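Shown next: target39.txt, given as compact mmCIF, C-alpha atoms.
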```txt
# COMPACT_ATOMS: atom_id res chain seq x y z
CA MET A 107 -4.98 -57.31 98.04
CA ASN A 108 -5.05 -58.72 94.50
CA GLN A 109 -3.96 -56.55 91.55
CA SER A 110 -7.47 -56.03 90.16
CA LEU A 111 -8.93 -54.95 93.49
CA TYR A 112 -5.94 -52.68 94.13
CA HIS A 113 -6.34 -51.05 90.71
CA THR A 114 -10.07 -50.52 91.33
CA PHE A 115 -9.26 -48.89 94.65
CA GLN A 116 -6.68 -46.62 92.98
CA ARG A 117 -9.22 -45.55 90.36
CA TYR A 118 -11.75 -44.83 93.13
CA ARG A 119 -9.16 -42.75 95.02
CA THR A 120 -8.49 -40.75 91.87
CA LEU A 121 -12.16 -39.89 91.60
CA GLN A 122 -12.40 -38.89 95.28
CA THR A 123 -9.34 -36.62 95.42
CA HIS A 124 -7.53 -34.10 93.28
CA ARG A 125 -4.65 -36.53 92.85
CA ILE A 126 -4.38 -39.00 89.99
CA THR A 127 -3.47 -42.43 91.35
CA ALA A 128 -4.77 -44.52 88.44
CA LEU A 129 -4.92 -43.81 84.72
CA PRO A 130 -6.08 -46.93 82.84
CA ILE A 131 -6.22 -45.13 79.47
CA VAL A 132 -4.09 -42.26 78.28
CA ILE A 133 -4.86 -40.23 75.15
CA LEU A 134 -1.83 -38.85 73.36
CA MET A 135 -1.66 -36.55 70.40
CA PRO A 136 1.78 -37.35 68.97
CA HIS A 137 1.29 -35.05 65.97
CA SER A 138 -0.66 -31.79 65.81
CA SER A 139 -1.19 -31.67 62.06
CA CYS A 140 -3.95 -33.29 60.00
CA ASN A 141 -4.41 -34.43 56.41
CA CYS A 142 -8.08 -33.40 56.31
CA LYS A 143 -9.84 -30.07 56.66
CA CYS A 144 -12.97 -31.31 58.37
CA ALA A 145 -15.99 -29.05 58.65
CA MET A 146 -16.48 -30.01 62.32
CA CYS A 147 -12.85 -29.62 63.43
CA ASP A 148 -10.26 -26.87 63.43
CA ILE A 149 -7.06 -28.82 64.11
CA TRP A 150 -5.99 -28.39 60.47
CA LYS A 151 -6.12 -24.60 60.83
CA ASP A 152 -2.95 -24.78 62.93
CA ASN A 153 -1.03 -27.16 60.61
CA LYS A 154 1.64 -24.49 60.11
CA ASN A 155 2.50 -24.61 63.85
CA LEU A 156 3.50 -28.25 63.96
CA LYS A 157 4.02 -29.82 67.37
CA GLN A 158 4.96 -33.45 67.85
CA LEU A 159 6.12 -35.76 70.60
CA LYS A 160 9.69 -36.96 70.51
CA GLU A 161 10.97 -40.27 71.82
CA ASP A 162 12.71 -38.31 74.59
CA ASP A 163 9.30 -36.92 75.62
CA VAL A 164 7.81 -40.40 75.86
CA ARG A 165 10.57 -42.28 77.72
CA PRO A 166 10.04 -40.54 81.10
CA LEU A 167 6.29 -40.81 80.62
CA LEU A 168 6.58 -44.61 80.52
CA LEU A 169 7.56 -44.76 84.21
CA SER A 170 4.52 -42.70 85.19
CA LEU A 171 2.20 -44.82 83.05
CA LYS A 172 3.49 -47.98 84.70
CA LYS A 173 3.04 -46.49 88.18
CA LEU A 174 -0.52 -45.38 87.31
CA GLY A 175 -1.47 -48.82 85.96
CA THR A 176 -2.07 -47.62 82.40
CA LYS A 177 -3.19 -50.41 80.07
CA MET A 178 -4.03 -48.53 76.86
CA VAL A 179 -2.55 -45.67 74.86
CA LEU A 180 -5.00 -44.08 72.47
CA MET A 181 -3.17 -42.20 69.71
CA SER A 182 -5.09 -39.31 68.24
CA GLY A 183 -4.26 -35.98 66.69
CA GLY A 184 -4.62 -34.41 64.01
CA GLU A 185 -3.55 -37.49 62.16
CA ALA A 186 -1.02 -39.42 64.26
CA LEU A 187 0.22 -41.32 61.19
CA LEU A 188 1.72 -38.07 59.86
CA HIS A 189 4.32 -38.22 62.65
CA PRO A 190 7.63 -39.30 61.03
CA ASN A 191 8.50 -41.49 64.04
CA PHE A 192 5.01 -42.68 64.93
CA PHE A 193 5.99 -46.36 64.89
CA LYS A 194 9.09 -45.74 67.03
CA LEU A 195 6.79 -44.21 69.63
CA CYS A 196 4.46 -47.20 69.33
CA ALA A 197 7.43 -49.56 69.80
CA LEU A 198 8.26 -47.87 73.11
CA PHE A 199 4.69 -48.41 74.34
CA LYS A 200 4.50 -51.99 73.03
CA LYS A 201 7.75 -52.80 74.85
CA GLN A 202 5.92 -51.85 78.06
CA GLY A 203 3.03 -54.17 77.19
CA LEU A 204 0.56 -51.37 76.47
CA TYR A 205 -2.40 -51.84 74.14
CA ILE A 206 -2.34 -49.25 71.34
CA THR A 207 -5.45 -47.83 69.70
CA LEU A 208 -5.19 -45.41 66.79
CA LEU A 209 -7.86 -42.88 65.86
CA SER A 210 -7.33 -42.10 62.18
CA THR A 211 -8.80 -40.41 59.13
CA GLY A 212 -8.03 -43.70 57.34
CA ILE A 213 -6.28 -41.98 54.44
CA LEU A 214 -2.89 -43.51 55.27
CA LEU A 215 -4.01 -47.03 56.27
CA LYS A 216 -2.84 -48.86 53.17
CA LYS A 217 0.48 -47.00 52.99
CA ASN A 218 1.27 -47.96 56.60
CA ALA A 219 -0.40 -51.38 56.73
CA ALA A 220 2.67 -53.46 57.61
CA ASN A 221 3.70 -51.26 60.55
CA LEU A 222 0.13 -50.80 61.71
CA SER A 223 -0.21 -54.57 61.85
CA LYS A 224 2.98 -54.84 63.88
CA TYR A 225 2.52 -52.00 66.37
CA VAL A 226 -1.17 -51.08 66.62
CA ASP A 227 -3.78 -53.30 68.28
CA GLU A 228 -6.90 -51.47 67.14
CA ILE A 229 -7.70 -48.84 64.54
CA ILE A 230 -10.76 -46.63 64.74
CA VAL A 231 -11.43 -44.73 61.54
CA SER A 232 -13.49 -41.56 61.23
CA LEU A 233 -16.23 -42.08 58.68
CA ASP A 234 -18.97 -39.58 57.92
CA GLY A 235 -21.10 -41.57 55.49
CA ASP A 236 -20.84 -42.64 51.88
CA GLU A 237 -18.40 -40.99 49.47
CA SER A 238 -20.77 -38.16 48.52
CA THR A 239 -21.11 -37.25 52.21
CA HIS A 240 -17.66 -38.11 53.56
CA ASP A 241 -15.41 -36.29 51.08
CA PRO A 242 -17.17 -32.88 51.28
CA ILE A 243 -17.13 -33.00 55.09
CA ARG A 244 -13.41 -33.90 55.08
CA HIS A 245 -12.64 -31.41 52.28
CA VAL A 246 -10.41 -34.04 50.68
CA VAL A 247 -11.32 -35.42 47.28
CA GLY A 248 -10.81 -39.19 47.38
CA ALA A 249 -10.67 -39.48 51.17
CA PHE A 250 -13.46 -42.08 51.22
CA SER A 251 -11.73 -44.13 48.50
CA LEU A 252 -8.39 -44.11 50.34
CA LEU A 253 -10.07 -45.11 53.59
CA SER A 254 -11.98 -47.90 51.80
CA GLU A 255 -8.85 -49.16 50.00
CA GLY A 256 -7.00 -49.32 53.30
CA MET A 257 -9.77 -51.28 55.00
CA VAL A 258 -10.10 -53.69 52.08
CA PHE A 259 -6.32 -54.19 52.03
CA PHE A 260 -6.25 -54.98 55.75
CA LYS A 261 -9.04 -57.51 55.42
CA LYS A 262 -7.60 -59.14 52.30
CA CYS A 263 -4.15 -59.53 53.85
CA LYS A 264 -5.61 -60.65 57.19
CA LEU A 265 -3.27 -58.28 59.01
CA GLY A 266 -3.17 -58.38 62.79
CA SER A 267 -4.55 -54.94 63.62
CA ARG A 268 -8.27 -54.66 63.93
CA ILE A 269 -10.31 -51.92 62.34
CA SER A 270 -13.46 -51.09 64.26
CA GLU A 271 -16.55 -51.48 62.15
CA GLY A 272 -19.82 -49.93 63.08
CA LYS A 273 -23.18 -50.60 61.43
CA LEU A 274 -22.59 -47.59 59.21
CA ILE A 275 -19.42 -49.07 57.69
CA LYS A 276 -21.10 -52.43 57.08
CA GLY A 277 -23.90 -50.63 55.25
CA LEU A 278 -21.47 -48.83 52.91
CA ASN A 279 -20.36 -51.99 51.08
CA ILE A 280 -16.73 -51.80 52.21
CA LYS A 281 -15.87 -55.45 51.93
```
Output the file's structure as structure tokens, nothing else.
Amino acid sequence: MNQSLYHTFQRYRTLQTHRITALPIVILMPHSSCNCKCAMCDIWKDNKNLKQLKEDDVRPLLLSLKKLGTKMVLMSGGEALLHPNFFKLCALFKKQGLYITLLSTGILLKKNAANLSKYVDEIIVSLDGDESTHDPIRHVVGAFSLLSEGMVFFKKCKLGSRISEGKLIKGLNIK
């Protein structure tokens, strides 16, 4: 049985039983804190009770991910970029050939551009509209500007990571 057919069968078995035999995508929250205080989210309310993955938490997980045929690790949070060893965690996943997607507020894109380009395959930013809409929802003055600066910087430098752009972003004149 070829690898693709076998993986499809494993995914089917997972859906038919209570036992996970395939996990093509895993969502990890390496850091529980956030740098926004979004109106639609309450993660930031628990910032004082910080929880974060350690490299020693991830190493044994790698064996399970390989066994389950995982192809992508989606890093979420809070804001995963607040984790002091975020890129060390990414390096462990990249070493296993895993595709890394980051969900981010976008505030720290420019500051972390070089490492994002090296370790992250895709970046999906949370955007609520233009500046007059985005900043009040995020409860962070200048959040839209920081997100925009980061996206512009990535595009100007032609860095390897891709930032997902929806129609909304294209309509906001972020060039």
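If you count only C-alpha atoms and ignore residues fewer than 6 places along the chain from segment 137-150 of chain A, what sits within 7 Å of it is Leu156, Lys157, Gln158, Leu159, Gly183, Gly184, Glu185, Ala186, Leu188, His189, Ile243, Arg244, His245 and Val246 of chain A.
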With 6 Å added on each side, what axis-aligned box encloses every listed atom of segment 198-201 of chain A? Give the centre and edge lengths in Å to one decimal, as AutoDock Vina command-line options.
```
--center_x 6.4 --center_y -50.3 --center_z 73.9 --size_x 15.8 --size_y 16.9 --size_z 13.8
```
Task: Using only C-alpha atoms: which of A:Lys200, A:Pro190, A:Val179, A:Ile131 has the shortest distance to Ile229 of chain A - done: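 Answer, going by the shortest atom-to-atom distance: A:Val179.
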- [ ] Determine, counting all atoms listed in the file, which protein, DNA and RNA residues have an atom within 10 Å of an atom of Glu237 of chain A; residues of the same chain fewer than 6 positions away are not included. Present the result as a PyMOL selection string.
- [x] chain A and resi 243+247-251+254+278
- [ ] In Å, rounded to a single decimal, give me how far atom CA of Gly256 of chain A is from atom CA of Val132 of chain A.
- [x]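 A separation of 26.1 Å between them.
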